[in-house]
$ cat my_file.cif   # mmCIF, C-alpha atoms, pLDDT in the B column; chains and numbers go by the auth columns
data_data
loop_
_atom_site.group_PDB
_atom_site.id
_atom_site.type_symbol
_atom_site.label_atom_id
_atom_site.label_comp_id
_atom_site.label_asym_id
_atom_site.label_seq_id
_atom_site.Cartn_x
_atom_site.Cartn_y
_atom_site.Cartn_z
_atom_site.B_iso_or_equiv
_atom_site.auth_seq_id
_atom_site.auth_asym_id
ATOM 1 C CA MET A 1 45.499 -6.240 107.237 89.00 1352 R
ATOM 2 C CA ARG A 2 44.868 -7.604 103.768 91.00 1353 R
ATOM 3 C CA CYS A 3 41.342 -8.944 103.175 87.00 1354 R
ATOM 4 C CA VAL A 4 39.640 -10.280 100.073 88.00 1355 R
ATOM 5 C CA ILE A 5 36.059 -9.117 99.682 89.00 1356 R
ATOM 6 C CA ALA A 6 34.149 -9.816 96.461 87.00 1357 R
ATOM 7 C CA ARG A 7 37.329 -11.204 94.860 89.00 1358 R
ATOM 8 C CA PHE A 8 39.153 -7.882 95.383 90.00 1359 R
ATOM 9 C CA PRO A 9 41.993 -7.387 97.875 91.00 1360 R
ATOM 10 C CA PHE A 10 41.686 -4.581 100.424 91.00 1361 R
ATOM 11 C CA ASP A 11 44.209 -3.314 102.959 93.00 1362 R
ATOM 12 C CA LEU A 12 42.035 -2.573 105.968 92.00 1363 R
ATOM 13 C CA SER A 13 42.927 -1.270 109.402 93.00 1364 R
ATOM 14 C CA LYS A 14 40.782 -0.827 112.474 94.00 1365 R
ATOM 15 C CA SER A 15 41.452 2.916 112.519 93.00 1366 R
ATOM 16 C CA GLY A 16 40.620 3.154 108.810 93.00 1367 R
ATOM 17 C CA VAL A 17 37.281 1.416 109.312 94.00 1368 R
ATOM 18 C CA LEU A 18 36.502 3.688 112.288 94.00 1369 R
ATOM 19 C CA ALA A 19 37.303 6.764 110.180 94.00 1370 R
ATOM 20 C CA SER A 20 35.223 5.507 107.233 93.00 1371 R
ATOM 21 C CA MET A 21 32.184 4.825 109.413 93.00 1372 R
ATOM 22 C CA LYS A 22 32.413 8.106 111.347 93.00 1373 R
ATOM 23 C CA GLY A 23 29.278 10.144 110.724 92.00 1374 R
ATOM 24 C CA ILE A 24 27.445 7.278 108.978 93.00 1375 R
ATOM 25 C CA LYS A 25 23.966 6.701 110.395 95.00 1376 R
ATOM 26 C CA PRO A 26 23.274 2.995 111.063 94.00 1377 R
ATOM 27 C CA GLU A 27 20.497 1.394 109.037 94.00 1378 R
ATOM 28 C CA PRO A 28 17.979 -0.974 110.657 93.00 1379 R
ATOM 29 C CA ILE A 29 19.555 -4.351 111.393 91.00 1380 R
ATOM 30 C CA THR A 30 17.869 -7.352 109.814 89.00 1381 R
ATOM 31 C CA GLY A 31 20.731 -9.836 109.779 89.00 1382 R
ATOM 32 C CA GLU A 32 24.357 -9.968 110.851 93.00 1383 R
ATOM 33 C CA SER A 33 25.747 -6.842 112.477 93.00 1384 R
ATOM 34 C CA VAL A 34 29.031 -5.353 113.633 95.00 1385 R
ATOM 35 C CA ILE A 35 29.687 -2.955 116.488 94.00 1386 R
ATOM 36 C CA ILE A 36 31.855 -0.033 115.414 93.00 1387 R
ATOM 37 C CA GLY A 37 32.431 2.558 118.097 89.00 1388 R
ATOM 38 C CA ARG A 38 29.175 2.630 120.012 89.00 1389 R
ATOM 39 C CA CYS A 39 26.917 1.895 117.021 91.00 1390 R
ATOM 40 C CA HIS A 40 25.545 -1.359 115.632 93.00 1391 R
ATOM 41 C CA TYR A 41 25.737 -1.469 111.834 95.00 1392 R
ATOM 42 C CA PRO A 42 24.480 -4.104 109.385 95.00 1393 R
ATOM 43 C CA VAL A 43 27.551 -5.812 107.901 95.00 1394 R
ATOM 44 C CA LYS A 44 26.338 -5.134 104.366 95.00 1395 R
ATOM 45 C CA GLN A 45 26.265 -1.384 105.094 95.00 1396 R
ATOM 46 C CA VAL A 46 29.800 -1.521 106.502 95.00 1397 R
ATOM 47 C CA GLY A 47 31.000 -3.531 103.509 94.00 1398 R
ATOM 48 C CA GLU A 48 29.494 -1.047 101.101 95.00 1399 R
ATOM 49 C CA VAL A 49 31.140 1.914 102.851 95.00 1400 R
ATOM 50 C CA ILE A 50 34.617 0.429 103.261 94.00 1401 R
ATOM 51 C CA THR A 51 34.835 -1.227 99.820 93.00 1402 R
ATOM 52 C CA ARG A 52 32.771 1.297 97.813 93.00 1403 R
ATOM 53 C CA GLN A 53 31.115 -1.656 96.083 93.00 1404 R
ATOM 54 C CA ASP A 54 27.476 -2.550 95.639 93.00 1405 R
ATOM 55 C CA ARG A 55 26.075 -4.726 98.437 92.00 1406 R
ATOM 56 C CA ARG A 56 25.144 -7.417 95.942 93.00 1407 R
ATOM 57 C CA ASP A 57 28.812 -7.932 95.040 93.00 1408 R
ATOM 58 C CA PHE A 58 29.859 -9.477 98.370 93.00 1409 R
ATOM 59 C CA THR A 59 28.453 -11.694 101.094 92.00 1410 R
ATOM 60 C CA SER A 60 27.865 -10.721 104.679 91.00 1411 R
ATOM 61 C CA GLY A 61 30.183 -13.573 105.670 92.00 1412 R
ATOM 62 C CA GLU A 62 33.137 -11.984 103.866 93.00 1413 R
ATOM 63 C CA VAL A 63 32.679 -8.693 105.693 94.00 1414 R
ATOM 64 C CA THR A 64 31.983 -10.405 109.037 94.00 1415 R
ATOM 65 C CA ARG A 65 35.232 -12.387 108.807 93.00 1416 R
ATOM 66 C CA ALA A 66 37.204 -9.245 107.918 94.00 1417 R
ATOM 67 C CA MET A 67 35.677 -7.208 110.756 94.00 1418 R
ATOM 68 C CA ALA A 68 36.252 -10.009 113.275 94.00 1419 R
ATOM 69 C CA ARG A 69 39.913 -10.291 112.199 94.00 1420 R
ATOM 70 C CA LEU A 70 40.271 -6.531 112.763 94.00 1421 R
ATOM 71 C CA GLY A 71 38.933 -6.935 116.306 94.00 1422 R
ATOM 72 C CA PHE A 72 35.369 -5.665 115.924 94.00 1423 R
ATOM 73 C CA THR A 73 32.502 -7.460 117.646 92.00 1424 R
ATOM 74 C CA CYS A 74 30.218 -9.178 115.152 92.00 1425 R
ATOM 75 C CA ARG A 75 26.777 -10.545 115.942 90.00 1426 R
ATOM 76 C CA THR A 76 24.534 -13.017 114.190 86.00 1427 R
ATOM 77 C CA PRO A 77 20.793 -12.415 113.893 82.00 1428 R
ATOM 78 C CA GLN A 78 18.768 -13.178 116.991 68.00 1429 R
ATOM 79 C CA VAL A 79 16.754 -16.342 116.472 58.00 1430 R
ATOM 80 C CA ALA A 80 13.344 -16.420 118.074 52.00 1431 R
ATOM 81 C CA THR A 81 13.400 -18.897 120.908 52.00 1432 R
ATOM 82 C CA PRO A 82 10.469 -21.226 121.371 57.00 1433 R
ATOM 83 C CA PRO A 83 8.246 -20.462 124.335 58.00 1434 R
ATOM 84 C CA SER A 84 9.537 -22.010 127.515 59.00 1435 R
ATOM 85 C CA ALA A 85 7.607 -24.192 129.901 72.00 1436 R
ATOM 86 C CA LEU A 86 4.596 -22.762 131.662 71.00 1437 R
ATOM 87 C CA SER A 87 5.179 -20.233 134.396 76.00 1438 R
ATOM 88 C CA PRO A 88 4.212 -21.330 137.908 78.00 1439 R
ATOM 89 C CA LEU A 89 1.006 -19.281 137.679 79.00 1440 R
ATOM 90 C CA GLN A 90 0.081 -20.765 134.297 78.00 1441 R
ATOM 91 C CA ASN A 91 0.877 -24.270 135.575 75.00 1442 R
ATOM 92 C CA ALA A 92 -1.340 -23.826 138.663 78.00 1443 R
ATOM 93 C CA SER A 93 -4.125 -22.432 136.496 78.00 1444 R
ATOM 94 C CA ALA A 94 -3.882 -25.415 134.150 76.00 1445 R
ATOM 95 C CA LEU A 95 -3.926 -27.860 137.083 78.00 1446 R
ATOM 96 C CA LEU A 96 -7.072 -26.195 138.408 80.00 1447 R
ATOM 97 C CA GLY A 97 -8.676 -26.332 135.006 74.00 1448 R
ATOM 98 C CA GLY A 98 -8.514 -22.593 134.436 65.00 1449 R
ATOM 99 C CA GLU A 99 -7.548 -22.881 130.768 57.00 1450 R
ATOM 100 C CA HIS A 100 -10.458 -25.154 129.879 52.00 1451 R
ATOM 101 C CA LEU A 101 -13.308 -23.200 131.444 46.00 1452 R
ATOM 102 C CA PRO A 102 -16.230 -22.665 129.081 49.00 1453 R
ATOM 103 C CA ALA A 103 -16.745 -19.127 127.873 49.00 1454 R
ATOM 104 C CA GLN A 104 -19.431 -17.322 129.805 50.00 1455 R
ATOM 105 C CA ALA A 105 -22.162 -15.532 127.954 47.00 1456 R
#
$ encode --input "my_file.cif" --output "C-alpha cells"
Amino acid sequence: MRCVIARFPFDLSKSGVLASMKGIKPEPITGESVIIGRCHYPVKQVGEVITRQDRRDFTSGEVTRAMARLGFTCRTPQVATPPSALSPLQNASALLGGEHLPAQA
C-alpha cells in the first residue's frame, strides 16, 4: 500500500512492517501506540524504523493512519478519568459525619 509520511511516498505492506519491527525492543509508551505482533510500540518509534527518518520529520498521526490502513491496531493515549462518585462505604461515612471528625490529639 502506498502511504505518504513526511511528504515522502512509501510502499508499505503488513508483512514488511512485521519484518522491520522484528527484534526491535519497544520503548516506553507516552502517547499514541500501535500493536505489532504481541508488542505495543510508540507510533513514532515505528515510523522511525519503517521510514528510516528522524522522528521530528513526521507526525504521529501520519504513522497512525498508515498503520491503521494496513490493519494494525492503533491506540490513543489513555486520558485520566475524573474520580467517580463516592463508593457506598465513603457515602455512608460522609452521611455519618466520618469525614468531618476533628483530629484527635
$ residues_around --input "my_file.cif" --residues "Thr1410 (chain R)" --least-positions-apart "6" --cutoff "10 Å" --atoms "all atoms listed in the file" --output "list in words"
Ile1356, Ala1357, Val1394, Lys1395 and Gly1398 of chain R
$ closest_residue --input "my_file.cif" --among "R:Ser1366, R:Thr1424, R:Ser1371, R:Ser1411" --to "Val1385 (chain R)" --atoms "all atoms listed in the file"
R:Thr1424
$ resolve_selection --input "my_file.cif" --expression "the PyMOL selection byres ((chain R and resi 1387) around 12)" --output "MDAnalysis selection string"
chainID R and resid 1365:1377 1384:1386 1388:1394 1396:1397 1418:1419 1421:1426
$ atom_distance --input "my_file.cif" --atom1 "CA of Glu1383 (chain R)" --atom2 "CA of Pro1428 (chain R)"
5.3 Å
$ atom_distance --input "my_file.cif" --atom1 "CA of Arg1353 (chain R)" --atom2 "CA of Pro1379 (chain R)"
28.5 Å
$ resolve_selection --input "my_file.cif" --expression "the PyMOL selection byres ((chain R and resi 1358) around 12)" --output "JSON, numbers by chain"
{"R": [1354, 1355, 1356, 1357, 1359, 1360, 1361, 1402, 1404, 1408, 1409, 1410, 1413]}
